[in-house]
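Raw contents of work05.cif, mmCIF, C-alpha atoms and all ligand atoms:
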data_data
#
loop_
_atom_site.label_atom_id
_atom_site.label_comp_id
_atom_site.auth_asym_id
_atom_site.auth_seq_id
_atom_site.Cartn_x
_atom_site.Cartn_y
_atom_site.Cartn_z
CA MET Q 27 0.00 0.00 0.00
CA ARG Q 28 1.39 3.43 -0.95
CA VAL Q 29 -0.08 6.51 0.72
CA VAL Q 30 0.52 9.97 -0.74
CA VAL Q 31 -0.03 12.88 1.64
CA ILE Q 32 -0.47 16.37 0.19
CA GLY Q 33 0.67 19.06 2.63
CA ALA Q 34 3.48 19.09 5.20
CA GLY Q 35 1.47 20.86 7.90
CA LEU Q 36 0.98 19.42 11.36
CA GLY Q 37 -1.72 16.95 10.31
CA GLY Q 38 0.00 15.59 7.19
CA LEU Q 39 3.37 15.18 8.91
CA CYS Q 40 1.83 13.52 11.95
CA LEU Q 41 0.09 10.96 9.73
CA ALA Q 42 3.29 10.34 7.79
CA GLN Q 43 5.22 9.71 11.02
CA GLY Q 44 2.59 7.24 12.21
CA LEU Q 45 2.53 5.31 8.92
CA ARG Q 46 6.31 5.27 8.55
CA GLN Q 47 6.64 3.88 12.04
CA ALA Q 48 4.29 1.05 11.08
CA GLY Q 49 6.30 0.25 7.93
CA ILE Q 50 3.65 1.60 5.51
CA GLU Q 51 5.03 3.34 2.41
CA VAL Q 52 4.18 7.04 2.63
CA ASP Q 53 5.35 10.13 0.75
CA VAL Q 54 4.58 13.74 1.60
CA TYR Q 55 4.41 16.45 -1.07
CA GLU Q 56 4.45 20.11 -0.06
CA ARG Q 57 3.82 23.24 -2.13
CA ASP Q 58 6.22 25.52 -0.20
CA PRO Q 59 9.84 25.53 -1.40
CA GLY Q 60 11.12 24.70 2.11
CA VAL Q 61 10.25 24.51 5.79
CA HIS Q 62 11.23 28.15 6.42
CA ALA Q 63 9.17 29.54 3.51
CA ARG Q 64 6.50 31.18 5.70
CA PHE Q 65 6.26 32.47 9.26
CA GLN Q 66 4.43 29.75 11.17
CA GLY Q 67 5.96 30.20 14.60
CA TYR Q 68 3.06 30.82 16.88
CA ARG Q 69 2.13 29.04 20.07
CA LEU Q 70 -0.50 26.33 20.00
CA GLY Q 71 -2.39 24.92 22.96
CA LEU Q 72 -2.47 21.14 22.72
CA SER Q 73 -5.37 19.39 24.42
CA GLU Q 74 -5.04 15.93 25.96
CA VAL Q 75 -6.61 14.47 22.79
CA GLY Q 76 -4.13 16.28 20.52
CA ALA Q 77 -1.13 15.40 22.67
CA GLU Q 78 -2.17 11.71 22.82
CA ALA Q 79 -2.60 11.59 19.05
CA LEU Q 80 0.82 13.15 18.56
CA ARG Q 81 2.49 10.67 20.88
CA GLY Q 82 0.68 7.82 19.12
CA CYS Q 83 2.12 8.82 15.75
CA LEU Q 84 5.66 9.83 16.79
CA PRO Q 85 8.29 7.12 17.18
CA HIS Q 86 9.23 6.42 20.81
CA HIS Q 87 12.72 7.89 20.57
CA LEU Q 88 11.17 11.32 19.87
CA HIS Q 89 8.84 11.30 22.91
CA PRO Q 90 11.42 12.77 25.34
CA VAL Q 91 12.22 15.51 22.79
CA LEU Q 92 8.50 16.27 22.47
CA THR Q 93 8.17 16.61 26.25
CA ALA Q 94 11.23 18.87 26.40
CA ILE Q 95 9.96 21.32 23.78
CA THR Q 96 6.49 21.74 25.28
CA GLY Q 97 5.47 24.07 28.07
CA GLU Q 98 2.92 23.83 30.82
CA LEU Q 99 -0.32 25.66 30.18
CA ALA Q 100 -2.86 26.05 32.96
CA GLY Q 101 -4.93 28.58 34.84
CA ASP Q 102 -7.41 31.35 34.31
CA ARG Q 103 -8.00 33.40 31.21
CA PRO Q 104 -8.58 36.89 32.59
CA VAL Q 105 -10.23 39.54 30.45
CA VAL Q 106 -8.87 43.06 31.05
CA ASP Q 107 -9.59 46.50 29.66
CA PRO Q 108 -6.93 48.55 27.81
CA ARG Q 109 -5.71 49.95 31.18
CA LEU Q 110 -5.22 46.37 32.49
CA GLU Q 111 -8.22 46.60 34.85
CA PRO Q 112 -9.97 43.20 35.20
CA VAL Q 113 -13.38 43.08 33.51
CA GLY Q 114 -14.08 39.33 33.35
CA ASP Q 115 -12.72 35.84 33.05
CA LEU Q 116 -13.15 33.14 30.40
CA GLY Q 117 -12.58 30.45 33.04
CA PRO Q 118 -9.67 28.14 33.82
CA THR Q 119 -8.36 25.61 31.36
CA THR Q 120 -5.31 23.38 30.90
CA GLY Q 121 -3.21 22.13 28.03
CA THR Q 122 0.29 21.92 26.69
CA ALA Q 123 2.00 24.82 24.93
CA VAL Q 124 3.92 24.04 21.79
CA ASP Q 125 5.50 26.25 19.12
CA ARG Q 126 4.14 25.38 15.70
CA HIS Q 127 7.45 25.93 13.87
CA VAL Q 128 9.44 23.85 16.38
CA LEU Q 129 6.83 21.08 16.35
CA ARG Q 130 6.91 21.02 12.56
CA HIS Q 131 10.67 20.48 12.67
CA LEU Q 132 10.22 17.64 15.12
CA LEU Q 133 7.60 16.07 12.87
CA LEU Q 134 9.92 16.33 9.87
CA ASP Q 135 12.55 14.15 11.55
CA GLY Q 136 13.28 11.10 9.42
CA LEU Q 137 10.78 12.05 6.71
CA ASP Q 138 11.86 12.86 3.17
CA VAL Q 139 9.30 15.56 2.29
CA ARG Q 140 9.19 16.62 -1.37
CA PHE Q 141 9.06 20.40 -1.10
CA GLY Q 142 8.18 22.53 -4.14
CA HIS Q 143 5.42 20.10 -5.24
CA GLN Q 144 2.04 21.80 -5.65
CA LEU Q 145 -0.80 19.41 -6.39
CA THR Q 146 -3.03 20.62 -9.19
CA ASP Q 147 -5.44 17.69 -9.64
CA HIS Q 148 -5.94 13.98 -9.31
CA GLN Q 149 -7.74 11.15 -11.13
CA VAL Q 150 -8.89 7.74 -9.95
CA GLY Q 151 -8.06 5.07 -12.55
CA GLU Q 152 -10.01 1.93 -13.39
CA ASP Q 153 -7.55 -0.06 -11.28
CA GLY Q 154 -8.67 2.00 -8.23
CA ARG Q 155 -5.31 3.75 -7.93
CA VAL Q 156 -5.01 7.55 -7.82
CA ARG Q 157 -2.84 9.52 -10.20
CA VAL Q 158 -1.67 12.83 -8.77
CA HIS Q 159 -0.52 15.78 -10.90
CA PHE Q 160 1.80 18.56 -9.77
CA ALA Q 161 2.14 22.10 -11.10
CA HIS Q 162 5.59 21.50 -12.63
CA GLY Q 163 4.32 18.56 -14.68
CA GLN Q 164 5.41 15.59 -12.54
CA THR Q 165 2.94 12.87 -11.58
CA THR Q 166 2.82 10.09 -9.01
CA THR Q 167 0.43 7.27 -8.14
CA ALA Q 168 -1.01 6.11 -4.83
CA ASP Q 169 -3.39 3.56 -3.34
CA LEU Q 170 -4.66 6.34 -1.08
CA LEU Q 171 -4.39 10.11 -1.55
CA VAL Q 172 -4.77 12.18 1.62
CA GLY Q 173 -5.47 15.89 1.16
CA ALA Q 174 -3.88 17.48 4.22
CA ASP Q 175 -3.41 20.69 2.25
CA GLY Q 176 -5.03 23.18 4.59
CA ILE Q 177 -7.97 25.55 4.33
CA GLY Q 178 -7.53 26.27 0.60
CA SER Q 179 -7.26 22.53 -0.18
CA ALA Q 180 -6.96 21.74 -3.89
CA VAL Q 181 -7.82 18.10 -3.12
CA ARG Q 182 -11.11 19.20 -1.47
CA ALA Q 183 -11.88 21.58 -4.38
CA GLN Q 184 -11.98 18.56 -6.68
CA LEU Q 185 -13.42 15.96 -4.30
CA ALA Q 186 -16.14 18.04 -2.64
CA PRO Q 187 -16.37 21.36 -4.53
CA GLU Q 188 -19.52 22.40 -2.64
CA ILE Q 189 -17.53 22.60 0.62
CA ARG Q 190 -15.82 25.99 0.61
CA PRO Q 191 -14.12 28.23 3.16
CA GLU Q 192 -16.46 30.80 4.77
CA ASP Q 193 -15.15 34.19 5.86
CA THR Q 194 -16.29 35.09 9.39
CA GLY Q 195 -15.56 38.77 8.67
CA VAL Q 196 -13.12 38.85 11.60
CA ARG Q 197 -9.55 39.95 10.84
CA PHE Q 198 -6.39 39.40 12.85
CA VAL Q 199 -2.72 40.34 13.03
CA LEU Q 200 -0.24 37.97 14.62
CA GLY Q 201 3.14 38.44 16.28
CA ARG Q 202 5.72 37.11 18.68
CA THR Q 203 7.73 39.10 21.25
CA PRO Q 204 10.74 37.86 23.27
CA LEU Q 205 9.65 37.06 26.83
CA THR Q 206 10.73 39.38 29.67
CA ASP Q 207 9.58 39.50 33.32
CA ARG Q 208 7.54 42.58 32.49
CA PHE Q 209 5.61 40.74 29.78
CA ALA Q 210 5.32 37.50 31.78
CA ARG Q 211 3.37 39.43 34.47
CA LEU Q 212 0.71 40.23 31.88
CA VAL Q 213 -0.13 36.54 31.47
CA PRO Q 214 -0.54 34.96 34.92
CA GLY Q 215 -2.59 31.98 33.67
CA PHE Q 216 -3.45 30.19 30.43
CA GLY Q 217 -3.79 33.43 28.47
CA THR Q 218 -4.93 37.03 28.83
CA VAL Q 219 -7.49 38.82 26.67
CA ALA Q 220 -7.37 42.63 26.55
CA LYS Q 221 -10.54 44.10 25.06
CA GLY Q 222 -10.78 47.69 23.94
CA SER Q 223 -12.95 49.58 21.56
CA GLY Q 224 -11.90 48.62 18.05
CA LEU Q 225 -9.32 46.03 19.14
CA THR Q 226 -8.96 42.78 21.10
CA LEU Q 227 -5.44 41.63 21.99
CA MET Q 228 -4.88 38.02 23.06
CA LEU Q 229 -1.66 37.13 24.83
CA GLY Q 230 -0.20 33.68 25.53
CA LEU Q 231 3.23 32.56 26.76
CA MET Q 232 5.51 30.02 25.15
CA ARG Q 233 7.98 28.87 27.80
CA PHE Q 234 9.92 25.83 26.64
CA ARG Q 235 10.85 23.30 29.34
CA VAL Q 236 14.19 23.02 27.53
CA PRO Q 237 15.29 25.44 24.76
CA PRO Q 238 14.53 23.55 21.50
CA ARG Q 239 18.13 23.69 20.22
CA GLN Q 240 19.29 22.09 23.48
CA ALA Q 241 16.57 19.44 23.33
CA ALA Q 242 17.80 18.37 19.88
CA PRO Q 243 20.51 20.12 17.83
CA TRP Q 244 18.42 20.02 14.63
CA LEU Q 245 15.54 22.01 16.12
CA PRO Q 246 15.20 25.79 15.57
CA ASP Q 247 16.87 28.14 18.05
CA THR Q 248 13.61 29.68 19.30
CA PRO Q 249 13.64 31.65 22.58
CA ASP Q 250 10.69 31.89 25.01
CA TYR Q 251 8.16 34.43 23.80
CA VAL Q 252 4.75 36.07 24.18
CA ARG Q 253 2.41 35.21 21.33
CA TRP Q 254 -0.01 38.02 20.61
CA VAL Q 255 -3.00 38.09 18.30
CA GLY Q 256 -4.67 41.42 17.61
CA MET Q 257 -8.23 41.50 16.27
CA PRO Q 258 -8.90 45.02 14.97
CA THR Q 259 -12.21 46.25 13.56
CA SER Q 260 -10.48 48.63 11.16
CA PRO Q 261 -7.39 48.51 8.95
CA ALA Q 262 -5.64 51.16 11.11
CA PRO Q 263 -2.17 50.18 12.42
CA LEU Q 264 -2.24 48.57 15.90
CA ALA Q 265 -0.02 51.36 17.31
CA GLU Q 266 -2.76 53.85 16.43
CA LEU Q 267 -5.56 51.70 17.88
CA MET Q 268 -3.51 51.24 21.08
CA ARG Q 269 -2.57 54.88 21.58
CA ASP Q 270 -4.40 55.11 24.94
CA TRP Q 271 -3.62 51.55 26.09
CA HIS Q 272 -1.47 50.63 29.08
CA PRO Q 273 2.27 51.02 28.22
CA ASP Q 274 2.96 47.34 29.02
CA LEU Q 275 0.40 46.17 26.48
CA ARG Q 276 1.69 48.62 23.89
CA ALA Q 277 5.25 47.48 24.56
CA VAL Q 278 4.40 43.82 23.79
CA VAL Q 279 3.35 44.80 20.29
CA GLU Q 280 6.14 47.38 19.81
CA ALA Q 281 8.90 44.94 20.87
CA THR Q 282 7.81 42.18 18.49
CA ASP Q 283 10.56 40.45 16.53
CA THR Q 284 8.27 38.63 14.12
CA ALA Q 285 4.91 39.91 13.01
CA HIS Q 286 2.55 39.71 10.10
CA SER Q 287 1.83 43.30 9.21
CA ALA Q 288 -0.90 42.13 6.83
CA GLN Q 289 -4.31 41.41 8.32
CA LEU Q 290 -5.41 37.80 7.93
CA SER Q 291 -9.02 36.65 7.71
CA ILE Q 292 -10.55 34.15 10.08
CA ARG Q 293 -12.13 31.61 7.77
CA VAL Q 294 -13.72 28.30 8.60
CA VAL Q 295 -14.54 25.15 6.64
CA ARG Q 296 -17.58 23.18 7.80
CA PRO Q 297 -17.68 19.58 6.70
CA GLY Q 298 -20.82 19.13 4.60
CA ALA Q 299 -22.37 16.08 2.95
CA ARG Q 300 -20.07 13.10 2.37
CA TRP Q 301 -18.45 12.80 -1.04
CA PRO Q 302 -18.48 9.40 -2.83
CA LEU Q 303 -16.31 6.88 -0.97
CA GLY Q 304 -13.02 6.20 -2.74
CA PRO Q 305 -9.23 6.19 -2.44
CA VAL Q 306 -9.08 9.96 -1.81
CA THR Q 307 -9.74 11.52 1.58
CA LEU Q 308 -9.20 14.73 3.54
CA LEU Q 309 -7.57 15.57 6.86
CA GLY Q 310 -7.25 18.62 9.12
CA ASP Q 311 -8.05 22.18 8.04
CA ALA Q 312 -8.73 20.89 4.52
CA ILE Q 313 -12.08 19.56 5.76
CA HIS Q 314 -12.72 21.18 9.16
CA ALA Q 315 -10.95 24.53 9.54
CA THR Q 316 -11.84 26.13 12.86
CA SER Q 317 -11.53 29.69 14.07
CA PRO Q 318 -8.40 30.05 16.27
CA SER Q 319 -10.83 31.12 19.02
CA GLY Q 320 -11.65 27.46 19.70
CA GLY Q 321 -7.98 26.49 20.05
CA ASN Q 322 -8.73 23.11 18.50
CA GLY Q 323 -7.76 23.19 14.79
CA ALA Q 324 -4.38 21.54 15.26
CA ASN Q 325 -5.74 19.21 17.91
CA THR Q 326 -8.42 17.99 15.51
CA ALA Q 327 -5.90 17.58 12.65
CA LEU Q 328 -3.67 15.48 14.94
CA ARG Q 329 -6.69 13.41 16.01
CA ASP Q 330 -7.47 12.74 12.32
CA ALA Q 331 -3.89 11.63 11.70
CA ASP Q 332 -4.00 9.19 14.60
CA LEU Q 333 -7.38 7.73 13.64
CA LEU Q 334 -6.47 7.30 9.96
CA ARG Q 335 -3.09 5.80 10.91
CA ARG Q 336 -4.79 3.19 13.12
CA ASN Q 337 -7.28 2.27 10.40
CA LEU Q 338 -4.55 1.95 7.75
CA ILE Q 339 -2.36 -0.15 10.03
CA ALA Q 340 -5.28 -2.58 10.36
CA VAL Q 341 -5.52 -2.79 6.55
CA ALA Q 342 -1.79 -3.45 6.26
CA ALA Q 343 -2.21 -6.25 8.80
CA HIS Q 344 -5.00 -7.77 6.63
CA ARG Q 345 -7.74 -6.81 9.08
CA GLY Q 346 -10.19 -5.24 6.61
CA ASN Q 347 -9.93 -3.47 3.27
CA LEU Q 348 -8.84 0.04 2.35
CA LEU Q 349 -12.25 1.47 1.46
CA ASP Q 350 -13.83 0.25 4.71
CA ALA Q 351 -10.95 1.83 6.62
CA VAL Q 352 -11.45 5.15 4.81
CA ASP Q 353 -15.22 4.95 5.33
CA ASP Q 354 -14.86 4.43 9.08
CA TYR Q 355 -12.31 7.27 9.30
CA GLU Q 356 -14.51 9.73 7.37
CA ARG Q 357 -17.65 8.95 9.39
CA GLN Q 358 -15.94 9.62 12.72
CA MET Q 359 -13.81 12.54 11.48
CA ILE Q 360 -16.73 14.43 9.93
CA ASP Q 361 -18.70 14.06 13.14
CA TYR Q 362 -16.10 15.40 15.57
CA GLY Q 363 -14.69 17.81 12.95
CA ALA Q 364 -18.09 19.51 12.53
CA GLU Q 365 -18.38 19.83 16.31
CA ALA Q 366 -14.86 21.35 16.52
CA VAL Q 367 -15.82 24.02 13.98
CA ALA Q 368 -19.13 24.72 15.72
CA HIS Q 369 -17.35 25.02 19.08
CA SER Q 370 -14.83 27.52 17.67
CA LEU Q 371 -17.63 29.63 16.18
CA ARG Q 372 -19.52 29.64 19.49
CA ALA Q 373 -16.35 30.92 21.21
CA LEU Q 374 -15.61 33.61 18.61
CA PRO Q 375 -17.96 36.39 19.90
CA SER Q 376 -16.11 36.53 23.26
CA PHE Q 377 -13.01 37.67 21.39
CA VAL Q 378 -14.52 40.02 18.82
CA PRO Q 379 -13.88 43.65 19.83
CA THR Q 380 -16.61 46.21 20.21
CA PRO Q 381 -16.62 48.56 17.21
CA GLY Q 382 -14.03 51.32 17.42
CA PRO Q 383 -14.61 55.04 16.94
CA GLU Q 384 -15.44 56.19 13.43
CA PRO Q 385 -12.24 57.00 11.50
CA LEU Q 386 -11.57 60.75 11.21
CA PRO Q 387 -12.52 62.21 7.83
CA THR Q 388 -9.47 62.62 5.63
CA THR Q 389 -8.53 66.21 4.82
CA ARG Q 390 -7.53 67.18 1.32
C1 LIG B 401 -3.18 32.42 15.25
C2 LIG B 401 -3.56 30.98 15.28
C3 LIG B 401 -3.57 30.29 16.49
C4 LIG B 401 -3.95 28.96 16.55
N1 LIG B 401 -3.97 28.34 17.75
C5 LIG B 401 -4.33 27.05 17.83
C6 LIG B 401 -4.31 26.36 19.09
O1 LIG B 401 -3.97 26.92 20.14
N2 LIG B 401 -4.67 25.05 19.11
C7 LIG B 401 -5.05 24.39 17.98
O2 LIG B 401 -5.37 23.20 18.06
N3 LIG B 401 -5.06 25.01 16.77
C8 LIG B 401 -4.72 26.31 16.66
N4 LIG B 401 -4.71 26.94 15.44
C9 LIG B 401 -5.11 26.19 14.22
C10 LIG B 401 -3.97 25.33 13.64
O3 LIG B 401 -2.83 26.11 13.38
C11 LIG B 401 -4.44 24.64 12.35
O4 LIG B 401 -5.70 24.07 12.55
C12 LIG B 401 -3.48 23.51 11.95
O5 LIG B 401 -2.20 24.04 11.71
C13 LIG B 401 -4.00 22.80 10.70
O6 LIG B 401 -3.07 21.83 10.28
P1 LIG B 401 -3.21 21.15 8.85
O7 LIG B 401 -2.06 20.17 8.78
O8 LIG B 401 -4.57 20.64 8.64
O9 LIG B 401 -3.04 22.32 7.78
P2 LIG B 401 -1.85 23.34 7.54
O10 LIG B 401 -1.00 23.48 8.73
O11 LIG B 401 -2.47 24.55 6.94
O12 LIG B 401 -0.95 22.61 6.42
C14 LIG B 401 -1.33 22.52 5.10
C15 LIG B 401 -0.08 22.40 4.24
O13 LIG B 401 -0.46 22.08 2.90
C16 LIG B 401 0.32 22.82 1.99
N5 LIG B 401 -0.42 22.93 0.72
C17 LIG B 401 -1.52 23.71 0.48
N6 LIG B 401 -1.94 23.51 -0.78
C18 LIG B 401 -1.11 22.60 -1.36
C19 LIG B 401 -1.05 21.99 -2.65
N7 LIG B 401 -1.93 22.29 -3.62
N8 LIG B 401 -0.06 21.10 -2.90
C20 LIG B 401 0.86 20.78 -1.92
N9 LIG B 401 0.84 21.33 -0.67
C21 LIG B 401 -0.14 22.22 -0.40
C22 LIG B 401 0.52 24.16 2.71
O14 LIG B 401 1.62 24.88 2.17
C23 LIG B 401 0.71 23.71 4.16
O15 LIG B 401 2.07 23.47 4.46
C24 LIG B 401 -4.33 28.28 15.35
C25 LIG B 401 -4.30 28.95 14.13
C26 LIG B 401 -3.92 30.29 14.08
C27 LIG B 401 -3.88 30.99 12.75
#
Spit out the file's structure as structure tokens when you get a sec.
Amino acid sequence: MRVVVIGAGLGGLCLAQGLRQAGIEVDVYERDPGVHARFQGYRLGLSEVGAEALRGCLPHHLHPVLTAITGELAGDRPVVDPRLEPVGDLGPTTGTAVDRHVLRHLLLDGLDVRFGHQLTDHQVGEDGRVRVHFAHGQTTTADLLVGADGIGSAVRAQLAPEIRPEDTGVRFVLGRTPLTDRFARLVPGFGTVAKGSGLTLMLGLMRFRVPPRQAAPWLPDTPDYVRWVGMPTSPAPLAELMRDWHPDLRAVVEATDTAHSAQLSIRVVRPGARWPLGPVTLLGDAIHATSPSGGNGANTALRDADLLRRNLIAVAAHRGNLLDAVDDYERQMIDYGAEAVAHSLRALPSFVPTPGPEPLPTTR
């Protein structure tokens, strides 16, 4: 059995690790030219389900490295106003903090990912095998094609064209600021939400148990940091929207060493009706993209990887056939994936800022 995974994100890599460990032939194809092509270094909160799935797929020798590069995440989620006065609380929660970029490097260990390969389309032949086409003209064949190619999935566009990303209308800007004692005091628990008129700022800490480069020499040299996500209601620069905010909050954004200046859209993908069963399936954001407000997109992608891995291992061990394994995976995945998206959308209003003041009229 040969499995082709499209997309070297967290979900695709996790699946590939799990299959490789079980001796199943798997190849990952990624559109980006390399692992550093885009800024992806923000903190994720892993739930128990996500962490279990990750451990299930990773080979045992990487488990201690995984533990070393995670951080503890527990406590309240206070809501404060722009002057840092408490105005509410989103309640306590727990999890494990992990840096997406560092985790991606860990997941790449031992895998030979084909970067620079953008899938354009696929066809299922009469023999039941899938032929995959890439933008530069190459092709490959697989017994199972897994579209783990994120929210804009080209595999989904062909397999289930009626399922499309929906824009929630909420925009965000993302950054990372080296951790200092001053900034650590702003986040006493799981995370802090600062809500002002026209802007919400969400802060979370990434404190590695062991610096990643020390945990394994091939991991990125990433220092502890504060991850901040700003949700503005207007395109004005954050510095302008935060003019009257507490100096400590302003300083987090001003001292950032990595930020997306462009505003990104929060989009979701809700799994709809099932597509015809076959040797092509979907995983992660490609089929259930959540709003970051739910903190469960990566967790759900990792859960998919673990479930699909288990089902495919059973097929390789002659306990059932491939299509039954895919069918069982899709039934379960669509169920919990739809709930993950719904949960994230229910949580979104608590983070959306109240509208800001009207912009001043421009003078000629
Ligand atoms: C600010 C922010 C905070 C978040 N916080 C959390 C959190 O705390 N907890 C949590 O669980 N989730 C969180 N998420 C969500 C999480 O990051 C995603 O759900 C997760 O990364 C999805 O993984 P994936 O493997 O499905 O897709 P992706 O990581 O998007 O990977 C898809 C890959 O496919 C590649 N690709 C795309 N098209 C093609 C093609 N045609 N051919 C080949 N390759 C292709 C892409 O380049 C990409 O590398 C957060 C997201 C954001 C933006």
Counting only C-alpha atoms, the residue of Q:Ala123, Q:Val61, Q:Leu290, Q:Ala262 that sits nearest Q:Gly35: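 Closest to Q:Gly35, using only C-alpha atoms: Q:Val61.
The shell of residues at most 6 Å from stretch 87-102 of chain Q, with only C-alpha atoms counted and near chain neighbours (fewer than 2 positions) removed, consists of Q:Pro85, Q:Pro104, Q:Gly117, Q:Pro118, Q:Thr119, Q:Thr120, Q:Gly121, Q:Thr122, Q:Ala123, Q:Val124, Q:Gly215, Q:Phe216, Q:Arg233, Q:Phe234, Q:Arg235, Q:Val236, Q:Pro238, Q:Ala241.
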Next, dump the selected residues to file, keeping only C-alpha atoms, as an mmCIF file, in the coordinates of the input.
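Heads up, here's the output in part29.cif:
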data_model
loop_
_atom_site.group_PDB
_atom_site.id
_atom_site.type_symbol
_atom_site.label_atom_id
_atom_site.label_comp_id
_atom_site.auth_asym_id
_atom_site.auth_seq_id
_atom_site.Cartn_x
_atom_site.Cartn_y
_atom_site.Cartn_z
ATOM 1 C CA PRO Q 85 8.290 7.120 17.180
ATOM 2 C CA PRO Q 104 -8.580 36.890 32.590
ATOM 3 C CA GLY Q 117 -12.580 30.450 33.040
ATOM 4 C CA PRO Q 118 -9.670 28.140 33.820
ATOM 5 C CA THR Q 119 -8.360 25.610 31.360
ATOM 6 C CA THR Q 120 -5.310 23.380 30.900
ATOM 7 C CA GLY Q 121 -3.210 22.130 28.030
ATOM 8 C CA THR Q 122 0.290 21.920 26.690
ATOM 9 C CA ALA Q 123 2.000 24.820 24.930
ATOM 10 C CA VAL Q 124 3.920 24.040 21.790
ATOM 11 C CA GLY Q 215 -2.590 31.980 33.670
ATOM 12 C CA PHE Q 216 -3.450 30.190 30.430
ATOM 13 C CA ARG Q 233 7.980 28.870 27.800
ATOM 14 C CA PHE Q 234 9.920 25.830 26.640
ATOM 15 C CA ARG Q 235 10.850 23.300 29.340
ATOM 16 C CA VAL Q 236 14.190 23.020 27.530
ATOM 17 C CA PRO Q 238 14.530 23.550 21.500
ATOM 18 C CA ALA Q 241 16.570 19.440 23.330
#
Counting all atoms listed in the file, what are the residues, protein, DNA or RNA alike, that approach ligand LIG 401 (chain B) to within 8 Å? I want them as a ChimeraX atom specification. /Q:32-39,55-58,68-73,76,123,126,142-146,160,174-181,200,255,292,309-312,315-328
What is the distance between atom CA of Q:Ala331 and atom CA of Q:Cys40, in Å to one decimal? 6.0 Å
Contacts of stretch 182-192 of chain Q at 9 Å (only C-alpha atoms; same-chain gap of 5+ positions) as a short mmCIF file (atom, residue, chain, number, x, y, z; two decimals) with C-alpha atoms, in the coordinates of the input:
data_model
loop_
_atom_site.label_atom_id
_atom_site.label_comp_id
_atom_site.auth_asym_id
_atom_site.auth_seq_id
_atom_site.Cartn_x
_atom_site.Cartn_y
_atom_site.Cartn_z
CA ASP Q 147 -5.44 17.69 -9.64
CA HIS Q 148 -5.94 13.98 -9.31
CA GLY Q 173 -5.47 15.89 1.16
CA ASP Q 175 -3.41 20.69 2.25
CA ILE Q 177 -7.97 25.55 4.33
CA ILE Q 292 -10.55 34.15 10.08
CA ARG Q 293 -12.13 31.61 7.77
CA VAL Q 294 -13.72 28.30 8.60
CA VAL Q 295 -14.54 25.15 6.64
CA ARG Q 296 -17.58 23.18 7.80
CA PRO Q 297 -17.68 19.58 6.70
CA GLY Q 298 -20.82 19.13 4.60
CA ALA Q 299 -22.37 16.08 2.95
CA ARG Q 300 -20.07 13.10 2.37
CA TRP Q 301 -18.45 12.80 -1.04
CA PRO Q 302 -18.48 9.40 -2.83
CA VAL Q 306 -9.08 9.96 -1.81
CA THR Q 307 -9.74 11.52 1.58
CA LEU Q 308 -9.20 14.73 3.54
CA ALA Q 312 -8.73 20.89 4.52
CA ILE Q 313 -12.08 19.56 5.76
CA ALA Q 315 -10.95 24.53 9.54
#
Residues around (1.9, 5.2, 4.0), cut-off 12 Å, counting only C-alpha atoms - what are they as a tab-separated table (two decimals) with C-alpha atoms, keeping the file's coordinate frame?
chain	number	residue	atom	x	y	z
Q	27	MET	CA	0.00	0.00	0.00
Q	28	ARG	CA	1.39	3.43	-0.95
Q	29	VAL	CA	-0.08	6.51	0.72
Q	30	VAL	CA	0.52	9.97	-0.74
Q	31	VAL	CA	-0.03	12.88	1.64
Q	38	GLY	CA	0.00	15.59	7.19
Q	39	LEU	CA	3.37	15.18	8.91
Q	40	CYS	CA	1.83	13.52	11.95
Q	41	LEU	CA	0.09	10.96	9.73
Q	42	ALA	CA	3.29	10.34	7.79
Q	43	GLN	CA	5.22	9.71	11.02
Q	44	GLY	CA	2.59	7.24	12.21
Q	45	LEU	CA	2.53	5.31	8.92
Q	46	ARG	CA	6.31	5.27	8.55
Q	47	GLN	CA	6.64	3.88	12.04
Q	48	ALA	CA	4.29	1.05	11.08
Q	49	GLY	CA	6.30	0.25	7.93
Q	50	ILE	CA	3.65	1.60	5.51
Q	51	GLU	CA	5.03	3.34	2.41
Q	52	VAL	CA	4.18	7.04	2.63
Q	53	ASP	CA	5.35	10.13	0.75
Q	54	VAL	CA	4.58	13.74	1.60
Q	137	LEU	CA	10.78	12.05	6.71
Q	168	ALA	CA	-1.01	6.11	-4.83
Q	169	ASP	CA	-3.39	3.56	-3.34
Q	170	LEU	CA	-4.66	6.34	-1.08
Q	171	LEU	CA	-4.39	10.11	-1.55
Q	172	VAL	CA	-4.77	12.18	1.62
Q	331	ALA	CA	-3.89	11.63	11.70
Q	334	LEU	CA	-6.47	7.30	9.96
Q	335	ARG	CA	-3.09	5.80	10.91
Q	336	ARG	CA	-4.79	3.19	13.12
Q	337	ASN	CA	-7.28	2.27	10.40
Q	338	LEU	CA	-4.55	1.95	7.75
Q	339	ILE	CA	-2.36	-0.15	10.03
Q	341	VAL	CA	-5.52	-2.79	6.55
Q	342	ALA	CA	-1.79	-3.45	6.26
Between atom CA of Q:Val219 and atom CA of Q:Trp271, what is the distance in Å, rounded to a tenth? 13.3 Å
Using all atoms listed in the file and a cutoff of 10 Å, can you tell me which residues are near (-9.2, 40.8, 18.8) in the file's coordinates, and write them out as a list in words?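 Nearby residues: Val196, Arg197, Phe198, Val199, Val219, Ala220, Lys221, Gly222, Ser223, Gly224, Leu225, Thr226, Leu227, Met228, Trp254, Val255, Gly256, Met257, Pro258, Thr259, Ser319, Leu374, Pro375, Ser376, Phe377, Val378, Pro379 and Thr380 of chain Q.
Minimum atom-to-atom distance to Q:His369, evaluated using all atoms listed in the file, belongs to Q:His314 out of Q:Leu229, Q:Leu205, Q:His314, Q:Asp115.
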